[in-house]
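Q: mmCIF, C-alpha atoms, file query13.cif:
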data_start
loop_
_atom_site.group_PDB
_atom_site.id
_atom_site.type_symbol
_atom_site.label_atom_id
_atom_site.label_comp_id
_atom_site.auth_asym_id
_atom_site.auth_seq_id
_atom_site.Cartn_x
_atom_site.Cartn_y
_atom_site.Cartn_z
ATOM 1 C CA MET A 20 -1.981 -90.832 93.373
ATOM 2 C CA THR A 21 -4.564 -88.974 95.437
ATOM 3 C CA ASP A 22 -2.521 -89.390 98.627
ATOM 4 C CA GLN A 23 0.151 -87.251 96.991
ATOM 5 C CA VAL A 24 -2.185 -84.240 97.086
ATOM 6 C CA GLU A 25 -0.754 -82.842 100.289
ATOM 7 C CA GLY A 26 -3.142 -80.057 101.200
ATOM 8 C CA ILE A 27 -5.822 -77.567 100.265
ATOM 9 C CA GLU A 28 -3.407 -75.235 98.501
ATOM 10 C CA ALA A 29 -2.136 -78.188 96.476
ATOM 11 C CA VAL A 30 -5.703 -78.905 95.329
ATOM 12 C CA GLN A 31 -6.149 -75.274 94.279
ATOM 13 C CA ALA A 32 -2.887 -75.374 92.343
ATOM 14 C CA LEU A 33 -3.780 -78.732 90.786
ATOM 15 C CA LEU A 34 -7.133 -77.442 89.537
ATOM 16 C CA ALA A 35 -5.709 -74.079 88.480
ATOM 17 C CA GLY A 36 -3.340 -75.979 86.212
ATOM 18 C CA GLN A 37 -6.435 -77.165 84.328
ATOM 19 C CA GLY A 38 -7.951 -73.678 84.163
ATOM 20 C CA TYR A 39 -10.347 -74.290 87.066
ATOM 21 C CA VAL A 40 -10.240 -71.495 89.639
ATOM 22 C CA CYS A 41 -11.832 -72.300 92.995
ATOM 23 C CA GLY A 42 -11.896 -70.819 96.466
ATOM 24 C CA ARG A 43 -10.647 -72.400 99.658
ATOM 25 C CA PRO A 44 -14.013 -73.855 100.821
ATOM 26 C CA LEU A 45 -14.461 -75.860 97.611
ATOM 27 C CA ALA A 46 -10.785 -76.861 97.539
ATOM 28 C CA THR A 47 -11.124 -78.059 101.147
ATOM 29 C CA VAL A 48 -14.036 -80.389 100.451
ATOM 30 C CA VAL A 49 -12.277 -81.725 97.326
ATOM 31 C CA PHE A 50 -9.139 -82.413 99.363
ATOM 32 C CA LEU A 51 -11.151 -84.243 102.025
ATOM 33 C CA ALA A 52 -13.003 -86.299 99.412
ATOM 34 C CA LEU A 53 -9.677 -87.379 97.912
ATOM 35 C CA ARG A 54 -8.009 -88.061 101.245
ATOM 36 C CA LEU A 55 -10.934 -89.907 102.859
ATOM 37 C CA GLY A 56 -12.167 -91.690 99.741
ATOM 38 C CA ARG A 57 -15.664 -90.242 100.133
ATOM 39 C CA PRO A 58 -18.024 -89.325 97.270
ATOM 40 C CA LEU A 59 -18.306 -85.578 96.669
ATOM 41 C CA PHE A 60 -21.820 -84.180 96.267
ATOM 42 C CA LEU A 61 -21.949 -80.772 94.552
ATOM 43 C CA GLU A 62 -25.194 -78.855 94.401
ATOM 44 C CA GLY A 63 -25.931 -75.469 92.857
ATOM 45 C CA GLU A 64 -27.427 -73.599 89.926
ATOM 46 C CA ALA A 65 -26.686 -74.796 86.408
ATOM 47 C CA GLY A 66 -23.524 -73.378 84.900
ATOM 48 C CA VAL A 67 -21.562 -72.668 88.089
ATOM 49 C CA GLY A 68 -18.837 -75.253 87.392
ATOM 50 C CA LYS A 69 -19.997 -78.445 89.123
ATOM 51 C CA THR A 70 -19.396 -80.705 86.132
ATOM 52 C CA GLU A 71 -16.164 -78.949 85.217
ATOM 53 C CA ILE A 72 -14.546 -79.789 88.537
ATOM 54 C CA ALA A 73 -14.805 -83.521 87.779
ATOM 55 C CA LYS A 74 -13.249 -82.965 84.361
ATOM 56 C CA ALA A 75 -10.471 -80.857 85.858
ATOM 57 C CA LEU A 76 -9.790 -83.454 88.571
ATOM 58 C CA ALA A 77 -9.529 -86.275 86.066
ATOM 59 C CA ALA A 78 -7.162 -84.309 83.839
ATOM 60 C CA ALA A 79 -5.033 -83.088 86.745
ATOM 61 C CA LEU A 80 -4.677 -86.541 88.328
ATOM 62 C CA GLY A 81 -4.214 -88.326 84.998
ATOM 63 C CA ARG A 82 -7.286 -90.484 85.592
ATOM 64 C CA ARG A 83 -9.959 -91.639 83.197
ATOM 65 C CA LEU A 84 -13.205 -89.663 83.400
ATOM 66 C CA ILE A 85 -16.338 -91.842 83.292
ATOM 67 C CA ARG A 86 -19.570 -89.862 83.047
ATOM 68 C CA LEU A 87 -23.046 -91.102 83.871
ATOM 69 C CA GLN A 88 -25.470 -88.488 82.544
ATOM 70 C CA CYS A 89 -28.682 -88.850 84.513
ATOM 71 C CA TYR A 90 -32.157 -88.491 83.044
ATOM 72 C CA GLU A 91 -35.738 -89.249 83.986
ATOM 73 C CA GLY A 92 -36.374 -92.986 83.820
ATOM 74 C CA LEU A 93 -32.728 -94.009 84.186
ATOM 75 C CA ASP A 94 -32.595 -97.461 85.779
ATOM 76 C CA ALA A 95 -29.918 -99.701 87.205
ATOM 77 C CA SER A 96 -29.501 -101.851 84.089
ATOM 78 C CA SER A 97 -28.955 -98.835 81.845
ATOM 79 C CA ALA A 98 -26.383 -97.434 84.270
ATOM 80 C CA VAL A 99 -24.515 -100.725 84.845
ATOM 81 C CA TYR A 100 -24.626 -103.038 81.819
ATOM 82 C CA GLU A 101 -26.560 -104.415 78.872
ATOM 83 C CA TRP A 102 -26.237 -107.588 76.844
ATOM 84 C CA ASN A 103 -25.455 -107.290 73.150
ATOM 85 C CA PHE A 104 -28.605 -109.051 71.974
ATOM 86 C CA ALA A 105 -27.799 -108.659 68.270
ATOM 87 C CA ALA A 106 -24.423 -110.381 68.679
ATOM 88 C CA GLN A 107 -25.995 -113.061 70.873
ATOM 89 C CA MET A 108 -28.553 -113.840 68.153
ATOM 90 C CA VAL A 109 -25.786 -114.146 65.557
ATOM 91 C CA ALA A 110 -23.954 -116.582 67.837
ATOM 92 C CA ILE A 111 -27.130 -118.635 68.346
ATOM 93 C CA ARG A 112 -27.764 -118.830 64.586
ATOM 94 C CA ALA A 113 -24.152 -119.849 63.974
ATOM 95 C CA ALA A 114 -24.401 -122.565 66.626
ATOM 96 C CA GLU A 115 -27.670 -123.864 65.141
ATOM 97 C CA ALA A 116 -26.150 -123.937 61.659
ATOM 98 C CA GLY A 117 -23.123 -125.864 62.956
ATOM 99 C CA GLY A 118 -25.296 -128.502 64.641
ATOM 100 C CA GLY A 119 -24.500 -130.448 67.760
ATOM 101 C CA MET A 120 -25.184 -127.400 69.949
ATOM 102 C CA ASP A 121 -24.522 -127.913 73.663
ATOM 103 C CA ARG A 122 -27.140 -125.693 75.312
ATOM 104 C CA ASP A 123 -25.325 -125.260 78.633
ATOM 105 C CA MET A 124 -22.054 -124.418 76.919
ATOM 106 C CA LEU A 125 -23.822 -122.017 74.556
ATOM 107 C CA GLN A 126 -25.545 -120.264 77.448
ATOM 108 C CA ASP A 127 -22.257 -119.831 79.278
ATOM 109 C CA GLU A 128 -20.743 -118.398 76.107
ATOM 110 C CA LEU A 129 -23.662 -116.037 75.438
ATOM 111 C CA PHE A 130 -23.503 -114.559 78.912
ATOM 112 C CA SER A 131 -19.787 -113.910 78.982
ATOM 113 C CA ASP A 132 -17.695 -110.736 78.801
ATOM 114 C CA GLU A 133 -17.599 -111.086 75.020
ATOM 115 C CA PHE A 134 -21.271 -110.089 74.783
ATOM 116 C CA LEU A 135 -21.324 -107.677 77.711
ATOM 117 C CA ILE A 136 -21.793 -103.954 77.041
ATOM 118 C CA GLU A 137 -20.380 -102.077 80.002
ATOM 119 C CA ARG A 138 -22.164 -98.910 81.089
ATOM 120 C CA PRO A 139 -20.594 -96.196 83.288
ATOM 121 C CA LEU A 140 -21.078 -97.740 86.741
ATOM 122 C CA LEU A 141 -19.598 -101.080 85.689
ATOM 123 C CA GLN A 142 -16.755 -99.352 83.851
ATOM 124 C CA ALA A 143 -15.921 -97.439 87.035
ATOM 125 C CA MET A 144 -15.579 -100.716 88.964
ATOM 126 C CA ARG A 145 -13.022 -102.131 86.531
ATOM 127 C CA PRO A 146 -9.255 -101.708 86.997
ATOM 128 C CA GLN A 147 -7.991 -98.719 85.016
ATOM 129 C CA ALA A 148 -4.548 -97.837 83.754
ATOM 130 C CA GLY A 149 -3.184 -95.002 85.876
ATOM 131 C CA GLY A 150 -5.416 -95.677 88.864
ATOM 132 C CA ALA A 151 -9.068 -95.522 89.834
ATOM 133 C CA PRO A 152 -11.156 -93.356 87.497
ATOM 134 C CA VAL A 153 -13.154 -90.239 88.272
ATOM 135 C CA LEU A 154 -16.823 -91.231 88.141
ATOM 136 C CA LEU A 155 -19.068 -88.250 87.386
ATOM 137 C CA ILE A 156 -22.751 -88.860 88.159
ATOM 138 C CA ASP A 157 -24.154 -85.737 86.559
ATOM 139 C CA GLU A 158 -27.504 -84.101 87.348
ATOM 140 C CA LEU A 159 -28.644 -86.750 89.812
ATOM 141 C CA ASP A 160 -31.787 -84.735 90.532
ATOM 142 C CA ARG A 161 -33.136 -85.740 87.115
ATOM 143 C CA THR A 162 -33.531 -89.381 88.220
ATOM 144 C CA ASP A 163 -36.106 -90.845 90.605
ATOM 145 C CA GLU A 164 -35.943 -92.397 94.076
ATOM 146 C CA PRO A 165 -35.567 -96.074 93.026
ATOM 147 C CA PHE A 166 -32.364 -95.232 91.169
ATOM 148 C CA GLU A 167 -31.113 -93.261 94.165
ATOM 149 C CA ALA A 168 -31.683 -96.322 96.345
ATOM 150 C CA PHE A 169 -29.704 -98.500 93.957
ATOM 151 C CA LEU A 170 -26.924 -95.925 93.807
ATOM 152 C CA LEU A 171 -26.778 -95.834 97.583
ATOM 153 C CA GLU A 172 -25.878 -99.524 97.656
ATOM 154 C CA ALA A 173 -23.447 -99.309 94.755
ATOM 155 C CA LEU A 174 -21.518 -96.409 96.303
ATOM 156 C CA SER A 175 -21.510 -97.921 99.794
ATOM 157 C CA ASP A 176 -19.614 -101.056 98.752
ATOM 158 C CA PHE A 177 -18.300 -99.901 95.362
ATOM 159 C CA GLN A 178 -19.624 -103.007 93.709
ATOM 160 C CA VAL A 179 -22.353 -104.003 91.281
ATOM 161 C CA THR A 180 -24.003 -107.343 90.631
ATOM 162 C CA ILE A 181 -24.629 -108.901 87.240
ATOM 163 C CA PRO A 182 -26.974 -111.863 87.761
ATOM 164 C CA GLU A 183 -25.408 -113.953 84.981
ATOM 165 C CA LEU A 184 -21.803 -113.245 86.013
ATOM 166 C CA GLY A 185 -21.839 -112.403 89.711
ATOM 167 C CA THR A 186 -20.565 -109.436 91.705
ATOM 168 C CA VAL A 187 -17.950 -107.052 90.342
ATOM 169 C CA LYS A 188 -16.124 -105.142 93.096
ATOM 170 C CA ALA A 189 -13.786 -102.237 92.417
ATOM 171 C CA PRO A 190 -10.181 -103.121 93.347
ATOM 172 C CA GLU A 191 -9.730 -99.426 94.149
ATOM 173 C CA PRO A 192 -12.793 -97.214 94.758
ATOM 174 C CA PRO A 193 -13.342 -94.604 92.038
ATOM 175 C CA ILE A 194 -13.236 -90.896 92.810
ATOM 176 C CA VAL A 195 -16.956 -90.104 92.756
ATOM 177 C CA VAL A 196 -18.418 -86.676 92.001
ATOM 178 C CA LEU A 197 -22.210 -86.297 92.058
ATOM 179 C CA THR A 198 -23.896 -83.106 90.869
ATOM 180 C CA SER A 199 -27.412 -81.728 91.265
ATOM 181 C CA ASN A 200 -29.114 -78.585 89.978
ATOM 182 C CA ARG A 201 -31.624 -78.984 92.816
ATOM 183 C CA THR A 202 -34.689 -79.302 90.622
ATOM 184 C CA ARG A 203 -35.776 -81.695 93.393
ATOM 185 C CA GLU A 204 -34.366 -82.747 96.733
ATOM 186 C CA VAL A 205 -31.998 -85.711 96.749
ATOM 187 C CA HIS A 206 -32.669 -88.186 99.582
ATOM 188 C CA ASP A 207 -30.817 -87.566 102.847
ATOM 189 C CA ALA A 208 -29.524 -91.154 102.973
ATOM 190 C CA LEU A 209 -27.465 -90.566 99.850
ATOM 191 C CA LYS A 210 -26.254 -87.142 100.960
ATOM 192 C CA ARG A 211 -25.083 -88.560 104.290
ATOM 193 C CA ARG A 212 -22.640 -90.839 102.519
ATOM 194 C CA CYS A 213 -21.087 -87.907 100.691
ATOM 195 C CA LEU A 214 -19.157 -84.772 101.485
ATOM 196 C CA TYR A 215 -21.446 -81.907 100.504
ATOM 197 C CA HIS A 216 -20.747 -78.475 99.021
ATOM 198 C CA TRP A 217 -23.045 -75.825 97.609
ATOM 199 C CA VAL A 218 -21.382 -74.253 94.546
ATOM 200 C CA ASP A 219 -22.588 -70.670 94.399
ATOM 201 C CA TYR A 220 -22.093 -67.960 91.810
ATOM 202 C CA PRO A 221 -18.597 -66.513 92.246
ATOM 203 C CA THR A 222 -17.795 -63.057 93.527
ATOM 204 C CA PHE A 223 -16.774 -60.391 91.019
ATOM 205 C CA ASP A 224 -13.056 -60.864 91.664
ATOM 206 C CA ARG A 225 -13.319 -64.660 91.517
ATOM 207 C CA GLU A 226 -15.244 -64.549 88.239
ATOM 208 C CA ILE A 227 -12.592 -62.235 86.797
ATOM 209 C CA GLU A 228 -9.990 -64.855 87.765
ATOM 210 C CA ILE A 229 -12.042 -67.583 86.117
ATOM 211 C CA LEU A 230 -12.490 -65.589 82.931
ATOM 212 C CA SER A 231 -8.782 -64.760 82.829
ATOM 213 C CA ALA A 232 -7.986 -68.468 83.088
ATOM 214 C CA ARG A 233 -10.530 -69.590 80.465
ATOM 215 C CA ALA A 234 -10.339 -66.651 78.044
ATOM 216 C CA PRO A 235 -6.895 -65.117 78.684
ATOM 217 C CA GLU A 236 -6.913 -63.229 75.378
ATOM 218 C CA ALA A 237 -9.721 -60.953 76.575
ATOM 219 C CA ALA A 238 -8.553 -57.459 77.552
ATOM 220 C CA GLU A 239 -8.940 -56.536 81.209
ATOM 221 C CA ALA A 240 -11.373 -53.691 80.512
ATOM 222 C CA LEU A 241 -13.672 -55.918 78.440
ATOM 223 C CA SER A 242 -13.467 -58.743 80.992
ATOM 224 C CA ARG A 243 -14.512 -56.404 83.784
ATOM 225 C CA GLU A 244 -17.476 -55.119 81.780
ATOM 226 C CA VAL A 245 -18.563 -58.632 80.814
ATOM 227 C CA VAL A 246 -18.380 -59.986 84.367
ATOM 228 C CA ALA A 247 -20.054 -56.920 85.864
ATOM 229 C CA PHE A 248 -22.888 -57.053 83.316
ATOM 230 C CA VAL A 249 -23.503 -60.779 83.870
ATOM 231 C CA GLN A 250 -23.458 -60.329 87.630
ATOM 232 C CA ARG A 251 -25.944 -57.465 87.255
ATOM 233 C CA LEU A 252 -28.183 -59.738 85.152
ATOM 234 C CA ARG A 253 -28.225 -62.276 87.972
ATOM 235 C CA THR A 254 -29.968 -59.738 90.175
ATOM 236 C CA GLU A 255 -32.823 -59.410 87.657
ATOM 237 C CA ASP A 256 -36.010 -61.467 87.817
ATOM 238 C CA LEU A 257 -35.047 -63.907 85.059
ATOM 239 C CA PHE A 258 -36.370 -67.387 84.332
ATOM 240 C CA LYS A 259 -32.789 -68.694 84.018
ATOM 241 C CA LYS A 260 -29.913 -66.665 85.387
ATOM 242 C CA PRO A 261 -26.643 -66.922 83.437
ATOM 243 C CA GLY A 262 -23.922 -69.057 84.990
ATOM 244 C CA VAL A 263 -20.157 -68.850 84.782
ATOM 245 C CA ALA A 264 -20.266 -71.027 81.662
ATOM 246 C CA GLU A 265 -22.339 -68.322 79.950
ATOM 247 C CA THR A 266 -19.884 -65.630 81.064
ATOM 248 C CA ILE A 267 -17.051 -67.523 79.387
ATOM 249 C CA ASP A 268 -19.087 -68.238 76.251
ATOM 250 C CA TRP A 269 -20.100 -64.592 75.927
ATOM 251 C CA ALA A 270 -16.534 -63.345 76.300
ATOM 252 C CA LYS A 271 -15.385 -65.752 73.582
ATOM 253 C CA CYS A 272 -18.211 -64.596 71.284
ATOM 254 C CA LEU A 273 -17.200 -60.973 71.811
ATOM 255 C CA LEU A 274 -13.579 -61.805 71.061
ATOM 256 C CA ALA A 275 -14.616 -63.579 67.856
ATOM 257 C CA LEU A 276 -16.391 -60.366 66.807
ATOM 258 C CA ASP A 277 -13.353 -58.216 67.739
ATOM 259 C CA VAL A 278 -15.409 -56.301 70.291
ATOM 260 C CA ILE A 279 -13.336 -54.140 72.627
ATOM 261 C CA ALA A 280 -16.180 -52.674 74.715
ATOM 262 C CA LEU A 281 -19.826 -53.395 75.374
ATOM 263 C CA SER A 282 -22.602 -51.352 73.818
ATOM 264 C CA PRO A 283 -26.400 -51.809 73.718
ATOM 265 C CA GLU A 284 -26.081 -52.879 70.077
ATOM 266 C CA VAL A 285 -23.409 -55.485 70.857
ATOM 267 C CA ILE A 286 -25.465 -56.796 73.772
ATOM 268 C CA ALA A 287 -28.548 -57.126 71.542
ATOM 269 C CA ASP A 288 -26.547 -58.993 68.880
ATOM 270 C CA THR A 289 -24.950 -61.471 71.295
ATOM 271 C CA ILE A 290 -27.522 -61.807 74.076
ATOM 272 C CA GLY A 291 -28.228 -65.420 73.043
ATOM 273 C CA ALA A 292 -24.834 -66.397 74.446
ATOM 274 C CA ILE A 293 -25.928 -65.583 78.005
ATOM 275 C CA LEU A 294 -29.723 -65.817 78.051
ATOM 276 C CA LYS A 295 -31.444 -68.957 76.750
ATOM 277 C CA TYR A 296 -35.136 -68.107 77.089
ATOM 278 C CA GLN A 297 -37.011 -65.702 74.818
ATOM 279 C CA ASP A 298 -38.904 -64.078 77.700
ATOM 280 C CA ASP A 299 -35.592 -63.235 79.396
ATOM 281 C CA ILE A 300 -34.145 -61.889 76.152
ATOM 282 C CA GLN A 301 -37.145 -59.659 75.520
ATOM 283 C CA ARG A 302 -36.896 -58.325 79.066
ATOM 284 C CA ILE A 303 -33.284 -57.203 78.574
ATOM 285 C CA GLN A 304 -33.419 -55.908 74.994
ATOM 286 C CA GLY A 305 -33.693 -52.257 73.991
ATOM 287 C CA GLY A 306 -33.571 -49.512 76.601
ATOM 288 C CA GLU A 307 -33.242 -52.000 79.470
ATOM 289 C CA ALA A 308 -29.863 -53.184 78.175
ATOM 290 C CA LYS A 309 -28.642 -49.576 77.994
ATOM 291 C CA ARG A 310 -29.865 -48.873 81.520
ATOM 292 C CA LEU A 311 -28.106 -51.933 82.921
ATOM 293 C CA LEU A 312 -24.906 -51.120 81.020
ATOM 294 C CA ASP A 313 -24.923 -47.555 82.331
ATOM 295 C CA GLU A 314 -25.319 -48.893 85.884
ATOM 296 C CA VAL A 315 -22.472 -51.342 85.346
ATOM 297 C CA ARG A 316 -20.133 -48.661 84.043
ATOM 298 C CA ALA A 317 -21.034 -46.348 86.896
ATOM 299 C CA GLY A 318 -20.156 -49.140 89.320
ATOM 300 C CA LEU A 319 -16.850 -49.830 87.577
ATOM 301 C CA ALA A 320 -15.827 -46.170 87.411
ATOM 302 C CA PRO A 321 -13.068 -45.249 89.891
ATOM 303 C CA ALA A 322 -14.313 -43.333 92.897
#
Take the structure in this file and express it as structure tokens.
A:
Amino acid sequence: MTDQVEGIEAVQALLAGQGYVCGRPLATVVFLALRLGRPLFLEGEAGVGKTEIAKALAAALGRRLIRLQCYEGLDASSAVYEWNFAAQMVAIRAAEAGGGMDRDMLQDELFSDEFLIERPLLQAMRPQAGGAPVLLIDELDRTDEPFEAFLLEALSDFQVTIPELGTVKAPEPPIVVLTSNRTREVHDALKRRCLYHWVDYPTFDREIEILSARAPEAAEALSREVVAFVQRLRTEDLFKKPGVAETIDWAKCLLALDVIALSPEVIADTIGAILKYQDDIQRIQGGEAKRLLDEVRAGLAPA
């Protein structure tokens, strides 16, 4: 139960048990969201761990994770429910073939739970074994304002309406985590109903902790080089700066290749693990990679 999470340190320990390392500010807002039953709105660059915190919370609390992946054009019906039209047509044909069809009875049958396809928001309002689920509304900034307005109502009362069946209200409000990469501003009205936190790139020491938790087999020397190089890349004028997810992916790629230390050749061979745009890759290849690596090693060298 969420009321058994007794404090901020308990949240940090809970998440650390799932390999998610977070600082006190983030742990504080998570604790308050759990204790007060408020949605948690996480904003920040892609790859800094916003989505992962919802996954870690669900696993740590033993709750079901329900994910609504947002996209341009997402509307309320796609997020809440759909009717299984193919199955409804089969039922209509069967009723016609049997004769003596009662239209009112058939309509009631067609618009029943048997033919209802539940989408994430409706699923989150249903009772769940083990307690209320964690509802992840991912990349909200990809949707448009009409969907935000609908979401505002749904999250205020934790209920959704199906015209043919009526209103479905959650017996216990879900734990809601909303994320945004800030490709556009989310409306203030929605933010006001949430507890807000900006998830920034971690410090060097924090990223080392994260990498140790997610790729513990990596040697300390290699981990320090990897983190320092990625953090140095973030200071460059890149189209897409690498996130923590890319740091972890790169370290795992290097381990798969039995690399024990970085070199310009290794960086050139594996750069696609951390940079995802050709212009960025071309900028870092060749002598630039060597220059950055030399700077990183100079910074890591003991004084």
Q: Please determine, counting all atoms listed in the file, which residue among A:Leu125, A:Ile279, A:Val218, A:Leu311 has the shortest atom-to-atom distance to Thr254 (chain A).
A: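 Residue with the minimum atom-to-atom distance to Thr254 (chain A): A:Leu311.
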Q: Between CA of Leu93 (chain A) and CA of Arg161 (chain A), measure the distance and give it in Å to one decimal.
A: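 For CA of Leu93 (chain A) relative to CA of Arg161 (chain A), the distance reads 8.8 Å.
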Q: Here's the selection I'm unsure about, the PyMOL selection byres ((chain A and resi 260) around 9); applied to the file above, which residues does it give, as a VMD selection string?
A: chain A and resid 64 to 65 249 252 to 259 261 to 262 293 to 294 299
Q: Pick out the closest residue to Ala77 (chain A) from this set: A:Gly149, A:Pro44, A:Gly117, A:Pro283. Count all atoms listed in the file.
A: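 For Ala77 (chain A), the nearest of the given residues is A:Gly149.
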Q: Find the spatial neighbours of Leu276 (chain A), counting all atoms listed in the file, within a cut-off of 10 Å - ignore same-chain residues fewer than 4 positions away - and output them as a list in words.
A: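 That gives Ala270, Lys271, Cys272, Val285 and Thr289 of chain A.
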Q: A:Glu164, A:Asp298, A:Glu228, A:Glu265: which is nearest Arg203 (chain A), counting all atoms listed in the file?
A: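 The closest residue to Arg203 (chain A) is A:Glu164.
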Q: What is the CA of Gly56 (chain A)-CA of Arg83 (chain A) distance in Å, reported with one decimal?
A: 16.7 Å
Q: Could you list the residues chosen by the PyMOL selection byres ((chain A and resi 231-237) around 12) in this structure as a PyMOL selection string?
A: chain A and resi 34-41+71+224-230+238-246+263-280
